[in-house]
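Visitor: Input file: input-v5.pdb. Contents: PDB, C-alpha atoms.
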```
ATOM      1  CA  MET W 126      19.132   7.798   3.005
ATOM      2  CA  ALA W 127      18.756   4.749   5.219
ATOM      3  CA  GLU W 128      15.528   3.106   6.322
ATOM      4  CA  TYR W 129      15.136   1.163   9.564
ATOM      5  CA  SER W 130      12.087  -0.777  10.671
ATOM      6  CA  PHE W 131      11.228  -2.612  13.838
ATOM      7  CA  ILE W 132       8.269  -3.853  15.849
ATOM      8  CA  LEU W 133       6.947  -1.682  18.690
ATOM      9  CA  GLU W 134       4.016  -3.138  20.596
ATOM     10  CA  ASN W 135       2.851   0.059  22.259
ATOM     11  CA  PHE W 136       2.795   3.407  20.529
ATOM     12  CA  THR W 137       1.677   6.838  21.614
ATOM     13  CA  GLU W 138      -1.308   8.819  20.369
ATOM     14  CA  ASN W 139       0.590  12.049  21.080
ATOM     15  CA  ILE W 140       2.154  12.287  17.660
ATOM     16  CA  ASP W 141       3.444  15.878  17.873
ATOM     17  CA  GLU W 142       5.292  15.234  21.131
ATOM     18  CA  PHE W 143       6.770  11.959  19.854
ATOM     19  CA  ASP W 144       7.858  13.675  16.646
ATOM     20  CA  ARG W 145       9.572  16.525  18.499
ATOM     21  CA  THR W 146      11.397  14.146  20.806
ATOM     22  CA  VAL W 147      12.474  11.671  18.170
ATOM     23  CA  ARG W 148      13.801  14.420  15.913
ATOM     24  CA  LYS W 149      15.703  15.894  18.865
ATOM     25  CA  MET W 150      17.212  12.593  19.940
ATOM     26  CA  ILE W 151      17.980  11.190  16.476
ATOM     27  CA  ARG W 152      19.684  13.522  14.040
ATOM     28  CA  ASN W 153      18.663  13.852  10.378
ATOM     29  CA  VAL W 154      15.298  12.082  10.591
ATOM     30  CA  LYS W 155      13.605  12.582   7.228
ATOM     31  CA  SER W 156      10.417  10.751   8.101
ATOM     32  CA  TRP W 157       8.884   8.118  10.311
ATOM     33  CA  SER W 158       5.698   6.104  10.179
ATOM     34  CA  TYR W 159       3.951   3.736  12.530
ATOM     35  CA  SER W 160       1.347   1.174  11.521
ATOM     36  CA  TYR W 161      -0.985   0.256  14.392
ATOM     37  CA  ASP W 162      -2.008  -2.746  12.297
ATOM     38  CA  THR W 163       1.431  -4.300  11.858
ATOM     39  CA  GLN W 164       2.930  -2.547  14.935
ATOM     40  CA  THR W 165       5.862  -1.552  12.766
ATOM     41  CA  LEU W 166       7.809   1.678  13.094
ATOM     42  CA  ILE W 167       9.822   2.759  10.062
ATOM     43  CA  ILE W 168      12.384   5.556  10.339
ATOM     44  CA  GLU W 169      14.109   7.147   7.365
ATOM     45  CA  ILE W 170      17.386   8.893   8.208
ATOM     46  CA  GLU W 171      19.226  11.166   5.820
ATOM     47  CA  GLU W 172      22.831  10.184   6.334
ATOM     48  CA  ALA W 173      25.477   7.869   5.048
ATOM     49  CA  GLY W 174      26.511   4.858   7.086
ATOM     50  CA  GLU W 175      24.479   2.439   9.085
ATOM     51  CA  ARG W 176      23.103   2.551  12.586
ATOM     52  CA  LYS W 177      22.397  -0.392  14.809
ATOM     53  CA  VAL W 178      18.678  -1.119  14.890
ATOM     54  CA  ASP W 179      18.800  -2.164  18.547
ATOM     55  CA  GLU W 180      20.278   1.173  19.540
ATOM     56  CA  LEU W 181      17.704   3.071  17.499
ATOM     57  CA  LYS W 182      14.935   1.040  19.070
ATOM     58  CA  LYS W 183      16.241   1.869  22.540
ATOM     59  CA  ILE W 184      16.247   5.597  21.729
ATOM     60  CA  VAL W 185      12.760   5.436  20.226
ATOM     61  CA  ARG W 186      11.418   3.705  23.345
ATOM     62  CA  GLN W 187      12.734   6.644  25.396
ATOM     63  CA  CYS W 188      10.712   8.995  23.174
ATOM     64  CA  LEU W 189       7.405   7.261  23.917
TER      65      LEU W 189
ATOM     66  CA  MET I  68       1.054 -65.879  -5.444
ATOM     67  CA  PRO I  69       0.409 -62.207  -4.569
ATOM     68  CA  VAL I  70      -1.929 -60.298  -6.841
ATOM     69  CA  LYS I  71      -0.351 -57.189  -8.320
ATOM     70  CA  ILE I  72      -2.736 -54.258  -8.463
ATOM     71  CA  PRO I  73      -1.807 -51.775 -11.197
ATOM     72  CA  ILE I  74      -1.186 -48.202 -10.032
ATOM     73  CA  PRO I  75      -3.680 -45.998 -11.868
ATOM     74  CA  TYR I  76      -2.901 -42.585 -13.226
ATOM     75  CA  ALA I  77      -3.868 -39.922 -10.702
ATOM     76  CA  PRO I  78      -7.407 -39.013 -11.645
ATOM     77  CA  TYR I  79      -8.164 -35.323 -12.000
ATOM     78  CA  VAL I  80     -10.690 -32.884 -13.334
ATOM     79  CA  LYS I  81      -9.359 -30.185 -15.614
ATOM     80  CA  THR I  82     -11.170 -26.842 -15.393
ATOM     81  CA  SER I  83     -10.481 -23.609 -17.270
ATOM     82  CA  GLN I  84     -11.272 -20.192 -15.835
ATOM     83  CA  LEU I  85     -10.703 -16.640 -16.976
ATOM     84  CA  ILE I  86     -10.589 -13.908 -14.358
ATOM     85  CA  SER I  87     -11.137 -10.422 -15.713
ATOM     86  CA  ILE I  88     -10.625  -7.375 -13.496
ATOM     87  CA  SER I  89     -11.826  -3.886 -14.317
ATOM     88  CA  LEU I  90     -10.486  -1.107 -12.073
ATOM     89  CA  LYS I  91     -12.656   1.949 -11.531
ATOM     90  CA  PRO I  92     -11.504   5.116 -13.308
ATOM     91  CA  ILE I  93      -9.479   7.588 -11.294
ATOM     92  CA  VAL I  94     -11.050  10.921 -10.362
ATOM     93  CA  GLU I  95      -8.377  13.475  -9.476
ATOM     94  CA  ASN I  96      -9.181  16.637  -7.540
ATOM     95  CA  LEU I  97      -6.863  19.626  -7.850
ATOM     96  CA  GLN I  98      -7.945  22.668  -5.891
ATOM     97  CA  THR I  99      -7.692  26.034  -7.622
ATOM     98  CA  THR I 100      -6.549  27.599  -4.370
ATOM     99  CA  PRO I 101      -4.576  25.336  -2.005
ATOM    100  CA  THR I 102      -5.834  24.946   1.568
ATOM    101  CA  SER I 103      -3.500  25.665   4.494
ATOM    102  CA  LEU I 104      -2.916  22.830   6.927
ATOM    103  CA  PRO I 105      -3.650  23.368  10.628
ATOM    104  CA  THR I 106      -0.756  23.349  13.100
ATOM    105  CA  ALA I 107      -2.405  20.790  15.392
ATOM    106  CA  GLU I 108      -4.178  17.567  14.591
ATOM    107  CA  PRO I 109      -7.674  18.500  13.385
ATOM    108  CA  SER I 110     -10.771  16.716  14.649
ATOM    109  CA  THR I 111     -12.034  16.221  11.112
ATOM    110  CA  SER I 112      -9.929  14.818   8.308
ATOM    111  CA  GLN I 113      -9.242  16.630   5.064
ATOM    112  CA  TRP I 114      -9.896  13.448   3.058
ATOM    113  CA  VAL I 115     -12.851  11.236   4.021
ATOM    114  CA  ARG I 116     -14.607   8.586   1.952
ATOM    115  CA  ALA I 117     -17.415   6.176   2.786
ATOM    116  CA  LEU I 118     -16.743   3.322   0.389
ATOM    117  CA  THR I 119     -19.627   2.132  -1.749
ATOM    118  CA  ALA I 120     -19.884  -0.871  -4.060
ATOM    119  CA  ASN I 121     -19.369   1.512  -6.957
ATOM    120  CA  ASP I 122     -15.833   2.297  -5.733
ATOM    121  CA  PHE I 123     -14.670  -1.319  -6.071
ATOM    122  CA  PRO I 124     -13.260  -3.071  -9.133
ATOM    123  CA  VAL I 125     -15.579  -5.221 -11.196
ATOM    124  CA  ILE I 126     -14.485  -8.858 -11.393
ATOM    125  CA  ASN I 127     -16.220 -11.099 -13.890
ATOM    126  CA  THR I 128     -16.191 -14.308 -11.880
ATOM    127  CA  THR I 129     -17.099 -15.314  -8.357
ATOM    128  CA  LEU I 130     -13.965 -15.466  -6.244
ATOM    129  CA  TYR I 131     -13.393 -17.647  -3.241
ATOM    130  CA  ALA I 132     -11.408 -14.843  -1.700
ATOM    131  CA  VAL I 133     -10.076 -11.413  -2.518
ATOM    132  CA  ASN I 134      -8.630  -8.566  -0.469
ATOM    133  CA  TYR I 135      -9.071  -4.983  -1.560
ATOM    134  CA  VAL I 136      -6.550  -2.203  -1.054
ATOM    135  CA  ALA I 137      -7.649   1.439  -1.159
ATOM    136  CA  LEU I 138      -4.806   3.582  -2.465
ATOM    137  CA  VAL I 139      -5.260   7.202  -1.374
ATOM    138  CA  TYR I 140      -3.046  10.012  -2.577
ATOM    139  CA  VAL I 141      -3.125  13.421  -0.892
ATOM    140  CA  ALA I 142      -0.576  16.076  -1.839
ATOM    141  CA  GLY I 143       0.444  19.666  -1.240
ATOM    142  CA  ARG I 144       3.391  21.991  -0.807
ATOM    143  CA  ASN I 145       5.567  23.608   1.791
ATOM    144  CA  THR I 146       5.551  27.214   0.574
ATOM    145  CA  ASP I 147       7.846  28.358   3.380
ATOM    146  CA  THR I 148      11.487  29.387   3.001
ATOM    147  CA  THR I 149      12.492  26.826   5.587
ATOM    148  CA  ALA I 150      11.873  23.087   5.983
ATOM    149  CA  ARG I 151       8.600  22.163   7.656
ATOM    150  CA  THR I 152       7.130  18.949   9.015
ATOM    151  CA  VAL I 153       3.955  17.374   7.696
ATOM    152  CA  TYR I 154       2.078  15.017  10.019
ATOM    153  CA  TRP I 155      -0.473  12.485   8.860
ATOM    154  CA  ARG I 156      -2.850   9.913  10.225
ATOM    155  CA  MET I 157      -4.815   7.176   8.450
ATOM    156  CA  ILE I 158      -8.154   6.284  10.034
ATOM    157  CA  ARG I 159     -10.548   3.440   9.241
ATOM    158  CA  ASN I 160     -14.002   3.371  10.781
ATOM    159  CA  GLY I 161     -12.866   5.798  13.479
ATOM    160  CA  THR I 162      -9.756   3.830  14.468
ATOM    161  CA  SER I 163      -6.166   4.852  13.774
ATOM    162  CA  VAL I 164      -4.525   2.646  11.184
ATOM    163  CA  ALA I 165      -1.175   4.410  10.924
ATOM    164  CA  THR I 166       0.506   7.725  11.573
ATOM    165  CA  GLY I 167       3.775   9.483  10.869
ATOM    166  CA  SER I 168       5.615  12.628   9.872
ATOM    167  CA  THR I 169       7.901  13.815   7.107
ATOM    168  CA  SER I 170      10.233  16.749   6.787
ATOM    169  CA  VAL I 171       9.523  18.755   3.622
ATOM    170  CA  SER I 172      12.242  21.078   2.314
ATOM    171  CA  ALA I 173      11.506  24.743   1.559
ATOM    172  CA  GLY I 174       9.344  25.099  -1.529
ATOM    173  CA  ASN I 175       9.010  21.345  -2.021
ATOM    174  CA  TYR I 176       5.912  19.267  -2.619
ATOM    175  CA  TYR I 177       4.856  16.235  -0.590
ATOM    176  CA  THR I 178       2.535  13.350  -1.423
ATOM    177  CA  VAL I 179       1.003  11.029   1.145
ATOM    178  CA  ASN I 180       0.755   7.596  -0.506
ATOM    179  CA  ALA I 181      -1.657   5.859   1.878
ATOM    180  CA  ALA I 182      -2.740   2.237   1.458
ATOM    181  CA  PHE I 183      -5.683   0.783   3.403
ATOM    182  CA  HIS I 184      -5.519  -3.014   3.177
ATOM    183  CA  GLY I 185      -8.643  -5.147   3.501
ATOM    184  CA  VAL I 186     -11.299  -2.494   2.887
ATOM    185  CA  VAL I 187     -14.927  -3.508   2.338
ATOM    186  CA  VAL I 188     -18.102  -1.750   1.240
ATOM    187  CA  GLY I 189     -19.298   0.527   4.046
ATOM    188  CA  ASP I 190     -15.862   1.298   5.446
ATOM    189  CA  VAL I 191     -15.168   4.957   6.151
ATOM    190  CA  ILE I 192     -11.529   5.754   5.493
ATOM    191  CA  GLU I 193      -9.786   9.030   6.223
ATOM    192  CA  VAL I 194      -6.444  10.749   5.736
ATOM    193  CA  ARG I 195      -5.760  13.555   8.201
ATOM    194  CA  LEU I 196      -3.001  16.133   7.810
ATOM    195  CA  TRP I 197      -1.438  18.854   9.895
ATOM    196  CA  ALA I 198       1.902  20.658   9.786
ATOM    197  CA  SER I 199       4.438  22.609  11.799
ATOM    198  CA  ALA I 200       3.353  25.843  10.063
ATOM    199  CA  THR I 201       0.324  27.115   8.138
ATOM    200  CA  THR I 202       2.624  27.796   5.204
ATOM    201  CA  VAL I 203       2.187  24.118   4.334
ATOM    202  CA  ASN I 204      -0.902  23.432   2.242
ATOM    203  CA  TRP I 205      -2.720  20.645   0.448
ATOM    204  CA  ASP I 206      -4.455  20.853  -2.916
ATOM    205  CA  TYR I 207      -4.560  17.406  -4.516
ATOM    206  CA  ASP I 208      -6.328  14.121  -3.832
ATOM    207  CA  THR I 209      -7.439  10.956  -5.543
ATOM    208  CA  PHE I 210      -7.964   7.280  -4.775
ATOM    209  CA  GLN I 211      -8.427   3.897  -6.409
ATOM    210  CA  ILE I 212      -9.174   0.415  -5.078
ATOM    211  CA  HIS I 213      -7.097  -2.554  -6.249
ATOM    212  CA  PRO I 214      -7.669  -6.285  -5.704
ATOM    213  CA  THR I 215      -4.926  -8.482  -4.273
ATOM    214  CA  ARG I 216      -4.626 -12.100  -3.009
ATOM    215  CA  ILE I 217      -7.387 -13.394  -5.260
ATOM    216  CA  SER I 218      -8.389 -16.991  -5.850
ATOM    217  CA  THR I 219     -11.361 -18.891  -7.116
ATOM    218  CA  ALA I 220     -12.700 -21.753  -4.996
ATOM    219  CA  GLU I 221     -11.603 -24.250  -7.643
ATOM    220  CA  ALA I 222      -8.036 -22.921  -7.817
ATOM    221  CA  LEU I 223      -7.318 -22.825  -4.085
ATOM    222  CA  ASN I 224      -5.023 -25.700  -3.012
ATOM    223  CA  ASN I 225      -4.942 -27.174  -6.516
ATOM    224  CA  PRO I 226      -2.214 -27.235  -9.182
ATOM    225  CA  CYS I 227      -2.873 -24.502 -11.726
ATOM    226  CA  TYR I 228      -1.403 -23.440 -15.023
ATOM    227  CA  VAL I 229      -1.576 -19.652 -14.700
ATOM    228  CA  ASP I 230      -1.287 -17.130 -17.483
ATOM    229  CA  PHE I 231      -1.204 -13.519 -16.332
ATOM    230  CA  LYS I 232      -2.344 -12.469 -19.775
ATOM    231  CA  ASN I 233      -2.766  -8.741 -19.390
ATOM    232  CA  VAL I 234      -0.929  -6.522 -16.924
ATOM    233  CA  ILE I 235      -1.410  -2.768 -16.684
ATOM    234  CA  VAL I 236       0.253   0.057 -14.771
ATOM    235  CA  SER I 237      -2.128   1.703 -12.346
ATOM    236  CA  PRO I 238      -2.888   4.316 -11.297
ATOM    237  CA  ILE I 239      -1.671   6.750 -13.915
ATOM    238  CA  LEU I 240      -2.167  10.209 -12.481
ATOM    239  CA  LEU I 241      -2.411  13.224 -14.757
ATOM    240  CA  SER I 242      -3.444  16.288 -12.716
ATOM    241  CA  GLY I 243      -1.003  18.678 -11.102
ATOM    242  CA  THR I 244       2.632  17.984 -11.932
ATOM    243  CA  PRO I 245       2.677  14.197 -11.550
ATOM    244  CA  GLY I 246       5.710  11.957 -11.320
ATOM    245  CA  ALA I 247       5.856   8.231 -10.583
ATOM    246  CA  GLN I 248       8.273   7.516  -7.725
ATOM    247  CA  THR I 249       7.966   3.710  -7.994
ATOM    248  CA  THR I 250       6.204   1.283 -10.290
ATOM    249  CA  GLY I 251       6.213  -1.963  -8.328
ATOM    250  CA  ALA I 252       5.987  -5.438  -9.837
ATOM    251  CA  TYR I 253       3.239  -7.925  -9.053
ATOM    252  CA  TYR I 254       4.103 -10.980  -6.963
ATOM    253  CA  PRO I 255       2.724 -14.414  -7.969
ATOM    254  CA  TYR I 256       2.773 -17.030  -5.207
ATOM    255  CA  HIS I 257       3.222 -20.805  -5.130
ATOM    256  CA  LEU I 258       2.318 -22.575  -1.871
ATOM    257  CA  ASP I 259       2.333 -19.158  -0.197
ATOM    258  CA  LEU I 260       5.979 -18.746  -1.182
ATOM    259  CA  ILE I 261       6.969 -16.013  -3.554
ATOM    260  CA  SER I 262       8.203 -17.157  -6.951
ATOM    261  CA  HIS I 263       9.432 -14.014  -8.624
ATOM    262  CA  ASN I 264       8.093 -10.585  -9.360
ATOM    263  CA  PRO I 265       7.458  -9.831 -13.006
ATOM    264  CA  ASN I 266       6.260  -6.588 -14.500
ATOM    265  CA  THR I 267       4.961  -8.009 -17.760
ATOM    266  CA  PRO I 268       2.451 -10.703 -18.715
ATOM    267  CA  PHE I 269       3.881 -14.019 -17.544
ATOM    268  CA  THR I 270       2.962 -17.688 -17.667
ATOM    269  CA  TYR I 271       3.480 -20.241 -14.913
ATOM    270  CA  ASP I 272       3.285 -23.976 -15.631
ATOM    271  CA  LEU I 273       2.488 -24.673 -12.006
ATOM    272  CA  LEU I 274       1.251 -22.520  -9.146
ATOM    273  CA  ILE I 275      -0.680 -23.887  -6.199
ATOM    274  CA  PRO I 276      -2.540 -20.988  -4.559
ATOM    275  CA  LYS I 277      -2.788 -21.345  -0.788
ATOM    276  CA  ALA I 278      -4.860 -19.593   1.846
ATOM    277  CA  ILE I 279      -2.659 -16.621   2.741
ATOM    278  CA  TYR I 280      -1.394 -15.034  -0.478
ATOM    279  CA  ARG I 281      -3.431 -17.040  -3.043
ATOM    280  CA  LEU I 282      -2.532 -16.235  -6.686
ATOM    281  CA  TYR I 283      -0.618 -12.974  -6.354
ATOM    282  CA  ARG I 284      -0.058  -9.836  -4.322
ATOM    283  CA  ILE I 285       0.162  -6.267  -5.515
ATOM    284  CA  HIS I 286       3.150  -4.123  -4.537
ATOM    285  CA  HIS I 287       1.929  -0.899  -2.908
ATOM    286  CA  GLY I 288      -0.510  -1.654  -0.107
ATOM    287  CA  ASP I 289       0.331  -5.324   0.256
ATOM    288  CA  VAL I 290       3.959  -6.374  -0.292
ATOM    289  CA  ALA I 291       4.980  -2.825   0.707
ATOM    290  CA  ASN I 292       3.153  -0.214   2.792
ATOM    291  CA  LEU I 293       0.452  -2.565   4.086
ATOM    292  CA  ASN I 294      -1.896  -0.394   6.140
ATOM    293  CA  THR I 295       0.498   2.490   6.269
ATOM    294  CA  ALA I 296       1.656   5.390   4.108
ATOM    295  CA  SER I 297       4.824   6.398   2.389
ATOM    296  CA  VAL I 298       5.276  10.140   2.070
ATOM    297  CA  GLN I 299       7.300  11.221  -0.938
ATOM    298  CA  THR I 300       8.709  14.706  -1.406
ATOM    299  CA  HIS I 301       9.963  16.368  -4.560
ATOM    300  CA  ALA I 302      10.984  19.802  -5.809
ATOM    301  CA  SER I 303       8.487  19.756  -8.679
ATOM    302  CA  TYR I 304       6.420  16.537  -8.745
ATOM    303  CA  ARG I 305       2.979  16.675  -7.163
ATOM    304  CA  PRO I 306       1.636  14.047  -6.892
ATOM    305  CA  TYR I 307       4.878  12.074  -6.531
ATOM    306  CA  TYR I 308       3.322   8.680  -6.301
ATOM    307  CA  ILE I 309       3.787   4.944  -5.873
ATOM    308  CA  ARG I 310       1.948   2.773  -8.361
ATOM    309  CA  HIS I 311       2.309  -0.797  -9.544
ATOM    310  CA  TYR I 312       1.667  -3.402 -12.190
ATOM    311  CA  VAL I 313      -1.799  -4.914 -11.876
ATOM    312  CA  PRO I 314      -2.862  -8.179 -13.545
ATOM    313  CA  ILE I 315      -6.290  -7.567 -15.089
ATOM    314  CA  LEU I 316      -6.734 -10.768 -17.114
ATOM    315  CA  ILE I 317      -5.727 -14.114 -15.652
ATOM    316  CA  SER I 318      -6.261 -17.427 -17.371
ATOM    317  CA  LEU I 319      -6.286 -20.567 -15.206
ATOM    318  CA  VAL I 320      -6.232 -24.230 -16.035
ATOM    319  CA  ILE I 321      -6.922 -26.049 -12.793
ATOM    320  CA  TYR I 322      -6.040 -29.686 -12.246
ATOM    321  CA  LYS I 323      -8.237 -30.768  -9.383
ATOM    322  CA  LEU I 324      -7.196 -34.170  -8.034
ATOM    323  CA  TRP I 325      -9.856 -36.534  -6.699
TER     324      TRP I 325
END
```
As structure tokens, what does this structure read like?

Guide:
Amino acid sequence: MAEYSFILENFTENIDEFDRTVRKMIRNVKSWSYSYDTQTLIIEIEEAGERKVDELKKIVRQCL
Amino acid sequence: MPVKIPIPYAPYVKTSQLISISLKPIVENLQTTPTSLPTAEPSTSQWVRALTANDFPVINTTLYAVNYVALVYVAGRNTDTTARTVYWRMIRNGTSVATGSTSVSAGNYYTVNAAFHGVVVGDVIEVRLWASATTVNWDYDTFQIHPTRISTAEALNNPCYVDFKNVIVSPILLSGTPGAQTTGAYYPYHLDLISHNPNTPFTYDLLIPKAIYRLYRIHHGDVANLNTASVQTHASYRPYYIRHYVPILISLVIYKLW
């Protein structure tokens, strides 16, 4: 399990749609959370190895 | 011939203080029959609480500053034969604080460990749940409010000898099939910089509490998971929860320079 966190200034209120898209575009997502207070998105991915945060952030932006 | 003026010892006032913290007892609710979650975000939350003074810890002395963290635990189970997704949203006074989703394996339990930082009397806090199928339910909830970032007026910005004399683990949950996922340390601060994170009573010869973190921070809801939730899943634990060490008796000797 690997956890990635990064700042996202604008986040959607359409949680179901975001969830569907992010799980389709990023494999093995165990969970994600977004704090409107700290503007932090945390993604937990069930897989070995590391991903580049910048690439993940780019994919997540496409899901919004 | 120049006159030599002797350098005096730095004058100071020495003050002793004892801060005693009493957390409110936990009330756990375990439903006899679990309630199915809706498959779309509901307009009313499953867990809602208007915070009253009676919900907050009792502290024996007047503090210059303290932040309170409401730890809310809501749990249930995916009874399906396939993995399902649980969605959650934390709301404070009608405004979204955080949101997220977690995949829960077939037959597994989930626990939303939500932490509302900076709550005050009168706040209405909510945890809202929905799922990808009605075969996901919820049947457990509890909450407790913990203090963090405390300081007396005398201690702030002054050198202090600090004895964290009594440290407890809290909360300790007993209903359902509980399991502690994490027991986080407490984090004393010097000049708003972390020193180290003990999990036992500990004495510091010198801490200078500053405006941001003051004497210490708690783990869940401040150092970690500040105004968000961590959802834990487990094959048998429900609640599967994050707790931490909480200083409840702190002795200070303050050296106030003047």

Visitor: Can you work out the spacing between CA of Ser218 in chain I and CA of Asp190 in chain I in Å, to one decimal?

Guide: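 Separation between CA of Ser218 in chain I and CA of Asp190 in chain I: 22.8 Å.
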
Visitor: Up to 10 Å from chain I, what residues of chain W turn up? Count all atoms listed in the file and give them as a list in words.

Guide: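 For chain W, the answer reads Glu138, Asn139, Ile140, Asp141, Phe143, Asp144, Asn153, Val154, Lys155, Ser156, Trp157, Ser158, Tyr159, Ser160, Tyr161, Asp162, Thr163, Gln164, Thr165, Leu166, Ile167, Ile168 and Glu169 of chain W.
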
Visitor: Please provide as an MDAnalysis selection string all residues within 9 Å of Pro306 in chain I, with the sequence filter that same-chain residues fewer than 6 positions apart are discarded (counting all atoms listed in the file).

Guide: chainID I and resid 140:143 176:179 207:208 240:247 299:300

Visitor: Applying 12 Å and all atoms listed in the file, which residues near Lys182 in chain W remain after dropping the ones on its own chain fewer than 3 positions away? List them as JSON, numbers by chain.

Guide: {"W": [129, 130, 131, 132, 133, 134, 147, 150, 151, 165, 166, 167, 168, 176, 177, 178, 179, 185, 186, 187, 188, 189]}

Visitor: How about saving the chosen residues, C-alpha atoms kept, as a PDB file, in the coordinates of the input?

Guide:
```
ATOM      1  CA  TYR W 129      15.136   1.163   9.564  1.00  0.00           C
ATOM      2  CA  SER W 130      12.087  -0.777  10.671  1.00  0.00           C
ATOM      3  CA  PHE W 131      11.228  -2.612  13.838  1.00  0.00           C
ATOM      4  CA  ILE W 132       8.269  -3.853  15.849  1.00  0.00           C
ATOM      5  CA  LEU W 133       6.947  -1.682  18.690  1.00  0.00           C
ATOM      6  CA  GLU W 134       4.016  -3.138  20.596  1.00  0.00           C
ATOM      7  CA  VAL W 147      12.474  11.671  18.170  1.00  0.00           C
ATOM      8  CA  MET W 150      17.212  12.593  19.940  1.00  0.00           C
ATOM      9  CA  ILE W 151      17.980  11.190  16.476  1.00  0.00           C
ATOM     10  CA  THR W 165       5.862  -1.552  12.766  1.00  0.00           C
ATOM     11  CA  LEU W 166       7.809   1.678  13.094  1.00  0.00           C
ATOM     12  CA  ILE W 167       9.822   2.759  10.062  1.00  0.00           C
ATOM     13  CA  ILE W 168      12.384   5.556  10.339  1.00  0.00           C
ATOM     14  CA  ARG W 176      23.103   2.551  12.586  1.00  0.00           C
ATOM     15  CA  LYS W 177      22.397  -0.392  14.809  1.00  0.00           C
ATOM     16  CA  VAL W 178      18.678  -1.119  14.890  1.00  0.00           C
ATOM     17  CA  ASP W 179      18.800  -2.164  18.547  1.00  0.00           C
ATOM     18  CA  VAL W 185      12.760   5.436  20.226  1.00  0.00           C
ATOM     19  CA  ARG W 186      11.418   3.705  23.345  1.00  0.00           C
ATOM     20  CA  GLN W 187      12.734   6.644  25.396  1.00  0.00           C
ATOM     21  CA  CYS W 188      10.712   8.995  23.174  1.00  0.00           C
ATOM     22  CA  LEU W 189       7.405   7.261  23.917  1.00  0.00           C
TER      23      LEU W 189
END
```

Visitor: Could you spell out the hits of the PyMOL selection byres ((chain I and resi 286) around 12) on the shown file, as JSON, numbers by chain?

Guide: {"I": [136, 138, 182, 184, 213, 214, 215, 216, 236, 237, 249, 250, 251, 252, 253, 254, 255, 264, 265, 266, 283, 284, 285, 287, 288, 289, 290, 291, 292, 293, 309, 310, 311, 312, 313, 314]}

Visitor: Name the residues that the PyMOL selection byres ((chain I and resi 101) around 6) pulls out of this structure, and write them as a PDB file with C-alpha atoms, in the coordinates of the input.

Guide:
```pdb
ATOM      1  CA  GLN I  98      -7.945  22.668  -5.891  1.00  0.00           C
ATOM      2  CA  THR I 100      -6.549  27.599  -4.370  1.00  0.00           C
ATOM      3  CA  THR I 102      -5.834  24.946   1.568  1.00  0.00           C
ATOM      4  CA  ASN I 204      -0.902  23.432   2.242  1.00  0.00           C
ATOM      5  CA  TRP I 205      -2.720  20.645   0.448  1.00  0.00           C
ATOM      6  CA  ASP I 206      -4.455  20.853  -2.916  1.00  0.00           C
TER       7      ASP I 206
END
```

Visitor: Please indicate the distance in Å from CA of Glu193 in chain I to CA of Met126 in chain W, rounded to one decimal place.

Guide: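 So the answer is 29.1 Å.
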
Visitor: Report, in Å to a single decimal, how far apart CA of Thr128 in chain I and CA of Ile86 in chain I are.

Guide: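 Spanning CA of Ile86 in chain I to CA of Thr128 in chain I is a straight-line distance of 6.1 Å.
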
Visitor: Kindly complete range 148-158 of chain W to N, CA and C atoms; the output should be written as a PDB file, in the coordinates of the input.

Guide:
```pdb
ATOM      1  N   ARG W 148      12.941  13.607  16.782  1.00  0.00           N
ATOM      2  CA  ARG W 148      13.801  14.420  15.913  1.00  0.00           C
ATOM      3  C   ARG W 148      14.921  15.095  16.703  1.00  0.00           C
ATOM      4  N   LYS W 149      14.675  15.308  18.013  1.00  0.00           N
ATOM      5  CA  LYS W 149      15.703  15.894  18.865  1.00  0.00           C
ATOM      6  C   LYS W 149      16.768  14.847  19.224  1.00  0.00           C
ATOM      7  N   MET W 150      16.297  13.633  19.461  1.00  0.00           N
ATOM      8  CA  MET W 150      17.212  12.593  19.940  1.00  0.00           C
ATOM      9  C   MET W 150      17.924  11.840  18.808  1.00  0.00           C
ATOM     10  N   ILE W 151      17.331  11.852  17.622  1.00  0.00           N
ATOM     11  CA  ILE W 151      17.980  11.190  16.476  1.00  0.00           C
ATOM     12  C   ILE W 151      18.167  12.242  15.388  1.00  0.00           C
ATOM     13  N   ARG W 152      19.411  12.475  15.029  1.00  0.00           N
ATOM     14  CA  ARG W 152      19.684  13.522  14.040  1.00  0.00           C
ATOM     15  C   ARG W 152      19.292  13.078  12.642  1.00  0.00           C
ATOM     16  N   ASN W 153      18.914  14.051  11.806  1.00  0.00           N
ATOM     17  CA  ASN W 153      18.663  13.852  10.378  1.00  0.00           C
ATOM     18  C   ASN W 153      17.507  12.892  10.059  1.00  0.00           C
ATOM     19  N   VAL W 154      16.480  12.903  10.911  1.00  0.00           N
ATOM     20  CA  VAL W 154      15.298  12.082  10.591  1.00  0.00           C
ATOM     21  C   VAL W 154      14.531  12.767   9.467  1.00  0.00           C
ATOM     22  N   LYS W 155      14.385  12.052   8.355  1.00  0.00           N
ATOM     23  CA  LYS W 155      13.605  12.582   7.228  1.00  0.00           C
ATOM     24  C   LYS W 155      12.116  12.320   7.467  1.00  0.00           C
ATOM     25  N   SER W 156      11.814  11.085   7.843  1.00  0.00           N
ATOM     26  CA  SER W 156      10.417  10.751   8.101  1.00  0.00           C
ATOM     27  C   SER W 156      10.326   9.526   9.004  1.00  0.00           C
ATOM     28  N   TRP W 157       9.167   9.343   9.582  1.00  0.00           N
ATOM     29  CA  TRP W 157       8.884   8.118  10.311  1.00  0.00           C
ATOM     30  C   TRP W 157       7.415   7.778  10.109  1.00  0.00           C
ATOM     31  N   SER W 158       7.100   6.521  10.244  1.00  0.00           N
ATOM     32  CA  SER W 158       5.698   6.104  10.179  1.00  0.00           C
ATOM     33  C   SER W 158       5.497   4.936  11.125  1.00  0.00           C
TER      34      SER W 158
END
```
